[in-house]
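Data block below; observations after.
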There are 2 protein chains.
Amino acid sequence: MLGFEHHDHHSCIRSGVAAAEAHCMAEGLQFTPVRRRVLEILLERHAALGAYDILDVLRDEGLGSQPPVAYRALDFLVSNGFAHKIERLNAFVACTHMGEDHNPAFLICRDCDAVAETQADTARGALAKAAGSTGFRVERLVVEAVGLCPRCQQVTPA
Amino acid sequence: MLGFEHHDHHSCIRSGVAAAEAHCMAEGLQFTPVRRRVLEILLERHAALGAYDILDVLRDEGLGSQPPVAYRALDFLVSNGFAHKIERLNAFVACTHMGEDHNPAFLICRDCDAVAETQADTARGALAKAAGSTGFRVERLVVEAVGLCPRCQQVTPA
DNA sequence: TGCGATTTGTTATAGTATAACATATCATCA
DNA sequence: TGATGATATGTTATACTATAACAAATCGCA
């Protein structure tokens, strides 16, 4: 997983964009300037960004000025697994497992909004058992842990 | 857990309200008319209800007409564990484990918005491991499975 | 009874998201 | 290569979700 620790930001942006581009190429999807830029913005910050935060950046750069521009790009990224929506925050993050088929789970810092993506074990566990026993068919699983990241535990103890 | 199966609705509303009332009594909390009524409304439907849906009912009954009335009652219910917020739907449901200390997980039908509450196993699993290894301190866990309930699988196959 | 704390009423506004339709661009194949 | 159907963007308008701020009422208790 990509945690809260330091990492090479430049290469992580580059490789994220490259992975998305490759995937679009392979699938015949259009990786347009707005879509690419929104993904870059999400990769640049490693925190959850609201649609309107993203729109502000786009507007500054002349790439679009109305909400639907941001929402459409985000829909595209989410639909294709390049980004995820954090329901708890009404915000979005770049995916850190580009390409891999995965069931994301998130660690969300309530102080700084940093988000780390990890894996949820979907098949096992009480939830799967409950779903099975009631006949509920799970299609998508949202797992979001809210708490304090290591850094903010220093600053905001207890 | 409370599943999607049939159950005695009347007794389930009565016992839910009674449990909340007892808890408030014990804790010295005020179980006011609006708060009681909102809990009843949530118990009556076994689906996720938006704050404004609830407000509509309150308004019809002369119990309040402005959003803060509904939101404040919901905040109270959620804070005290009588109800839960479904982040995925921006909506609320009555708790079906009144009183017990629990980590709720939800099965949400994307067709009819019915919600079943069950338990998440928080301590074990990949998530807990990931949190532990990064030093992230989990305070609250949101687990929401989106899919089709048994009934809607009949109506809306595959 | 009076005082502080809690709850409710109300106005206003902030923040999140999408419908609908016009225009432009792309992708392809005749 | 130029027509055409599909996809993407631009734009206006509006719907939905949520909270700030302050006044008025009510409650709990000394």
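As shown in the structure tokens, the chain order sets the letters A, B, ...; within each chain, residues go from 1, and ligands are also counted from 1 in the order they appear.
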
| task | Write down as a PyMOL selection string the residues of chain B whose backbone DSSP state falls under strand (DSSP E). | result | chain B and resi 83-86+91-94+104-109+115-119+137-148

Just write the chosen residues, N, CA, C and O atoms, as a short mmCIF file (atom, residue, chain, number, x, y, z; two decimals), in the first residue's frame.
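After the write, result_6.cif holds the following:
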```
data_model
loop_
_atom_site.label_atom_id
_atom_site.label_comp_id
_atom_site.auth_asym_id
_atom_site.auth_seq_id
_atom_site.Cartn_x
_atom_site.Cartn_y
_atom_site.Cartn_z
N ALA B 83 -28.97 5.84 15.82
CA ALA B 83 -29.08 5.81 14.37
C ALA B 83 -27.68 5.88 13.77
O ALA B 83 -26.72 6.21 14.47
N HIS B 84 -27.59 5.55 12.49
CA HIS B 84 -26.31 5.62 11.81
C HIS B 84 -26.47 6.42 10.53
O HIS B 84 -27.54 6.43 9.94
N LYS B 85 -25.40 7.06 10.13
CA LYS B 85 -25.41 7.71 8.83
C LYS B 85 -24.83 6.77 7.79
O LYS B 85 -23.79 6.16 8.02
N ILE B 86 -25.52 6.66 6.68
CA ILE B 86 -25.00 5.90 5.55
C ILE B 86 -24.32 6.89 4.62
O ILE B 86 -24.97 7.61 3.88
N ALA B 91 -27.65 9.56 3.91
CA ALA B 91 -28.94 9.23 4.49
C ALA B 91 -28.74 8.53 5.82
O ALA B 91 -27.61 8.24 6.21
N PHE B 92 -29.86 8.30 6.50
CA PHE B 92 -29.78 7.80 7.86
C PHE B 92 -30.68 6.59 8.07
O PHE B 92 -31.73 6.48 7.44
N VAL B 93 -30.27 5.72 8.98
CA VAL B 93 -31.10 4.57 9.35
C VAL B 93 -31.09 4.42 10.87
O VAL B 93 -30.13 4.79 11.53
N ALA B 94 -32.15 3.83 11.38
CA ALA B 94 -32.19 3.52 12.80
C ALA B 94 -31.23 2.39 13.08
O ALA B 94 -31.03 1.51 12.25
N PRO B 104 -20.85 -1.03 13.29
CA PRO B 104 -21.84 -1.39 12.29
C PRO B 104 -21.25 -1.54 10.90
O PRO B 104 -20.29 -0.86 10.55
N ALA B 105 -21.83 -2.43 10.15
CA ALA B 105 -21.57 -2.55 8.72
C ALA B 105 -22.92 -2.65 8.04
O ALA B 105 -23.87 -3.15 8.64
N PHE B 106 -23.03 -2.16 6.82
CA PHE B 106 -24.34 -2.09 6.19
C PHE B 106 -24.37 -2.78 4.84
O PHE B 106 -23.42 -2.71 4.08
N LEU B 107 -25.49 -3.43 4.60
CA LEU B 107 -25.79 -3.97 3.28
C LEU B 107 -26.84 -3.06 2.68
O LEU B 107 -27.95 -2.96 3.21
N ILE B 108 -26.48 -2.38 1.63
CA ILE B 108 -27.35 -1.36 1.06
C ILE B 108 -27.84 -1.80 -0.31
O ILE B 108 -27.04 -2.01 -1.21
N CYS B 109 -29.16 -1.90 -0.46
CA CYS B 109 -29.68 -2.27 -1.77
C CYS B 109 -29.72 -1.02 -2.66
O CYS B 109 -30.31 -0.01 -2.29
N VAL B 115 -31.80 -1.15 3.91
CA VAL B 115 -30.50 -1.25 4.55
C VAL B 115 -30.57 -2.28 5.66
O VAL B 115 -31.46 -2.23 6.51
N ALA B 116 -29.65 -3.23 5.64
CA ALA B 116 -29.54 -4.19 6.73
C ALA B 116 -28.26 -3.89 7.48
O ALA B 116 -27.22 -3.60 6.87
N GLU B 117 -28.36 -3.94 8.78
CA GLU B 117 -27.18 -3.66 9.59
C GLU B 117 -26.58 -4.95 10.11
O GLU B 117 -27.30 -5.82 10.58
N THR B 118 -25.29 -5.06 10.03
CA THR B 118 -24.63 -6.24 10.57
C THR B 118 -23.34 -5.78 11.24
O THR B 118 -23.13 -4.59 11.43
N GLN B 119 -22.50 -6.72 11.60
CA GLN B 119 -21.30 -6.36 12.34
C GLN B 119 -20.08 -6.42 11.42
O GLN B 119 -19.95 -7.34 10.62
N ARG B 137 -4.06 5.36 13.61
CA ARG B 137 -4.96 4.97 14.69
C ARG B 137 -6.42 5.07 14.24
O ARG B 137 -6.94 6.18 14.03
N VAL B 138 -7.06 3.95 14.10
CA VAL B 138 -8.45 3.91 13.63
C VAL B 138 -9.39 4.27 14.77
O VAL B 138 -9.30 3.70 15.85
N GLU B 139 -10.25 5.23 14.51
CA GLU B 139 -11.22 5.62 15.52
C GLU B 139 -12.63 5.15 15.17
O GLU B 139 -13.44 4.84 16.04
N ARG B 140 -12.90 5.17 13.89
CA ARG B 140 -14.24 4.77 13.44
C ARG B 140 -14.10 4.06 12.11
O ARG B 140 -13.23 4.40 11.31
N LEU B 141 -14.94 3.07 11.90
CA LEU B 141 -14.84 2.30 10.68
C LEU B 141 -16.16 2.36 9.93
O LEU B 141 -17.21 2.09 10.50
N VAL B 142 -16.10 2.76 8.69
CA VAL B 142 -17.28 2.80 7.84
C VAL B 142 -17.22 1.62 6.88
O VAL B 142 -16.28 1.51 6.11
N VAL B 143 -18.19 0.72 6.98
CA VAL B 143 -18.23 -0.42 6.08
C VAL B 143 -19.60 -0.47 5.43
O VAL B 143 -20.62 -0.64 6.12
N GLU B 144 -19.63 -0.27 4.14
CA GLU B 144 -20.91 -0.23 3.43
C GLU B 144 -20.83 -1.08 2.16
O GLU B 144 -20.07 -0.76 1.25
N ALA B 145 -21.60 -2.12 2.13
CA ALA B 145 -21.64 -2.97 0.95
C ALA B 145 -22.84 -2.57 0.10
O ALA B 145 -23.97 -2.56 0.58
N VAL B 146 -22.57 -2.22 -1.14
CA VAL B 146 -23.64 -1.84 -2.06
C VAL B 146 -23.93 -3.01 -2.98
O VAL B 146 -23.00 -3.64 -3.47
N GLY B 147 -25.20 -3.31 -3.17
CA GLY B 147 -25.54 -4.44 -4.04
C GLY B 147 -27.05 -4.58 -4.18
O GLY B 147 -27.76 -3.57 -4.15
N LEU B 148 -27.50 -5.79 -4.34
CA LEU B 148 -28.93 -6.03 -4.52
C LEU B 148 -29.45 -6.93 -3.41
O LEU B 148 -28.90 -8.00 -3.15
#
```

Per residue of chain D within 9 Å of chain A, which atom pair is closest and at what distance in Å (one decimal), using only C-alpha atoms (C1' of nucleotides), listed by chain and increasing number, as JSON lines?
```
{"residue": "D:DT7", "atom": "C1'", "partner": "A:Gln30", "partner_atom": "CA", "distance": 8.9}
{"residue": "D:DA8", "atom": "C1'", "partner": "A:Thr32", "partner_atom": "CA", "distance": 8.7}
{"residue": "D:DT9", "atom": "C1'", "partner": "A:Val69", "partner_atom": "CA", "distance": 7.5}
{"residue": "D:DG10", "atom": "C1'", "partner": "A:Gly64", "partner_atom": "CA", "distance": 8.2}
{"residue": "D:DT11", "atom": "C1'", "partner": "A:Gln66", "partner_atom": "CA", "distance": 7.6}
```

Could you save the residues just selected, with N, CA and C atoms (P, O5', C5', C4', C3', O3' and C1' of nucleotides), as a PDB file, in the first residue's frame?
```pdb
ATOM      1  P    DT D   7     -20.092   5.910 -27.692  1.00  0.00           P
ATOM      2  O5'  DT D   7     -19.073   7.046 -27.226  1.00  0.00           O
ATOM      3  C5'  DT D   7     -17.873   7.247 -27.950  1.00  0.00           C
ATOM      4  C4'  DT D   7     -17.317   8.602 -27.589  1.00  0.00           C
ATOM      5  C3'  DT D   7     -17.447   8.963 -26.102  1.00  0.00           C
ATOM      6  O3'  DT D   7     -16.135   9.218 -25.635  1.00  0.00           O
ATOM      7  C1'  DT D   7     -18.097  10.758 -27.490  1.00  0.00           C
ATOM      8  P    DA D   8     -15.868   9.663 -24.129  1.00  0.00           P
ATOM      9  O5'  DA D   8     -15.768  11.247 -24.278  1.00  0.00           O
ATOM     10  C5'  DA D   8     -14.780  11.794 -25.135  1.00  0.00           C
ATOM     11  C4'  DA D   8     -14.860  13.310 -25.084  1.00  0.00           C
ATOM     12  C3'  DA D   8     -14.927  13.896 -23.670  1.00  0.00           C
ATOM     13  O3'  DA D   8     -13.886  14.865 -23.591  1.00  0.00           O
ATOM     14  C1'  DA D   8     -16.636  14.794 -25.028  1.00  0.00           C
ATOM     15  P    DT D   9     -13.789  15.828 -22.341  1.00  0.00           P
ATOM     16  O5'  DT D   9     -14.554  17.117 -22.872  1.00  0.00           O
ATOM     17  C5'  DT D   9     -13.945  17.921 -23.867  1.00  0.00           C
ATOM     18  C4'  DT D   9     -14.765  19.184 -24.057  1.00  0.00           C
ATOM     19  C3'  DT D   9     -14.819  20.088 -22.829  1.00  0.00           C
ATOM     20  O3'  DT D   9     -14.407  21.375 -23.252  1.00  0.00           O
ATOM     21  C1'  DT D   9     -16.981  19.698 -23.683  1.00  0.00           C
ATOM     22  P    DG D  10     -14.359  22.584 -22.258  1.00  0.00           P
ATOM     23  O5'  DG D  10     -15.764  23.276 -22.572  1.00  0.00           O
ATOM     24  C5'  DG D  10     -16.003  23.832 -23.864  1.00  0.00           C
ATOM     25  C4'  DG D  10     -17.235  24.737 -23.807  1.00  0.00           C
ATOM     26  C3'  DG D  10     -17.283  25.642 -22.577  1.00  0.00           C
ATOM     27  O3'  DG D  10     -17.758  26.919 -23.011  1.00  0.00           O
ATOM     28  C1'  DG D  10     -19.230  24.278 -22.656  1.00  0.00           C
ATOM     29  P    DT D  11     -17.864  28.149 -22.041  1.00  0.00           P
ATOM     30  O5'  DT D  11     -19.366  27.953 -21.531  1.00  0.00           O
ATOM     31  C5'  DT D  11     -20.399  27.842 -22.515  1.00  0.00           C
ATOM     32  C4'  DT D  11     -21.758  27.891 -21.849  1.00  0.00           C
ATOM     33  C3'  DT D  11     -21.792  28.657 -20.534  1.00  0.00           C
ATOM     34  O3'  DT D  11     -22.798  29.638 -20.660  1.00  0.00           O
ATOM     35  C1'  DT D  11     -22.838  26.531 -20.301  1.00  0.00           C
TER      36       DT D  11
END
```

Can you list every residue in chain B that DSSP puts in helix (DSSP H, G or I), as a count of residues only? 73

Rows by chain and residue number, chain C within 10 Å of chain A, shortest pair, only C-alpha atoms (C1' of nucleotides), as a tab-separated table:
```
residue	atom	partner	partner_atom	distance
C:DG15	C1'	A:Tyr52	CA	9.0
C:DT16	C1'	A:Asn90	CA	7.6
C:DA17	C1'	A:Tyr71	CA	8.1
C:DT18	C1'	A:Pro68	CA	7.9
C:DC26	C1'	A:Gln30	CA	9.1
```

Q.
as a ChimeraX atom specification, please: the residues near range 19-23 of chain D (cut-off 9 Å, only C-alpha atoms (C1' of nucleotides), same-chain neighbours under 4 positions excluded).
A. /B:68 /C:9-10,12-14

What's the 12 Å shell around DG2 in chain D, counting only C-alpha atoms (C1' of nucleotides), without same-chain residues fewer than 6 positions away, as a PDB file with N, CA, C and O atoms (P, O5', C5', C4', C3', O3' and C1' of nucleotides), in the first residue's frame?
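Result written to out-v5.pdb:
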```pdb
ATOM      1  P    DT C  28     -11.477   3.871 -34.336  1.00  0.00           P
ATOM      2  O5'  DT C  28     -12.414   3.676 -35.619  1.00  0.00           O
ATOM      3  C5'  DT C  28     -13.839   3.795 -35.462  1.00  0.00           C
ATOM      4  C4'  DT C  28     -14.503   3.771 -36.844  1.00  0.00           C
ATOM      5  C3'  DT C  28     -13.659   3.093 -37.932  1.00  0.00           C
ATOM      6  O3'  DT C  28     -14.532   2.404 -38.798  1.00  0.00           O
ATOM      7  C1'  DT C  28     -14.271   5.189 -38.656  1.00  0.00           C
ATOM      8  P    DC C  29     -14.445   0.854 -39.022  1.00  0.00           P
ATOM      9  O5'  DC C  29     -15.473   0.723 -40.230  1.00  0.00           O
ATOM     10  C5'  DC C  29     -16.688   1.491 -40.186  1.00  0.00           C
ATOM     11  C4'  DC C  29     -16.928   2.173 -41.528  1.00  0.00           C
ATOM     12  C3'  DC C  29     -16.325   1.434 -42.721  1.00  0.00           C
ATOM     13  O3'  DC C  29     -17.213   1.583 -43.805  1.00  0.00           O
ATOM     14  C1'  DC C  29     -15.607   3.616 -42.755  1.00  0.00           C
ATOM     15  P    DA C  30     -17.710   0.309 -44.603  1.00  0.00           P
ATOM     16  O5'  DA C  30     -18.672   0.938 -45.716  1.00  0.00           O
ATOM     17  C5'  DA C  30     -19.706   1.834 -45.303  1.00  0.00           C
ATOM     18  C4'  DA C  30     -19.771   3.047 -46.224  1.00  0.00           C
ATOM     19  C3'  DA C  30     -19.728   2.712 -47.715  1.00  0.00           C
ATOM     20  O3'  DA C  30     -20.660   3.543 -48.408  1.00  0.00           O
ATOM     21  C1'  DA C  30     -17.926   4.158 -47.175  1.00  0.00           C
TER      22       DA C  30
END
```

- Message: Which residue is closest to chain A? Choose from B:Phe31, B:Phe136, B:Phe82, B:Phe76 and count only C-alpha atoms.
- Response: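 When distances to chain A are compared using only C-alpha atoms, the smallest one comes from B:Phe136.
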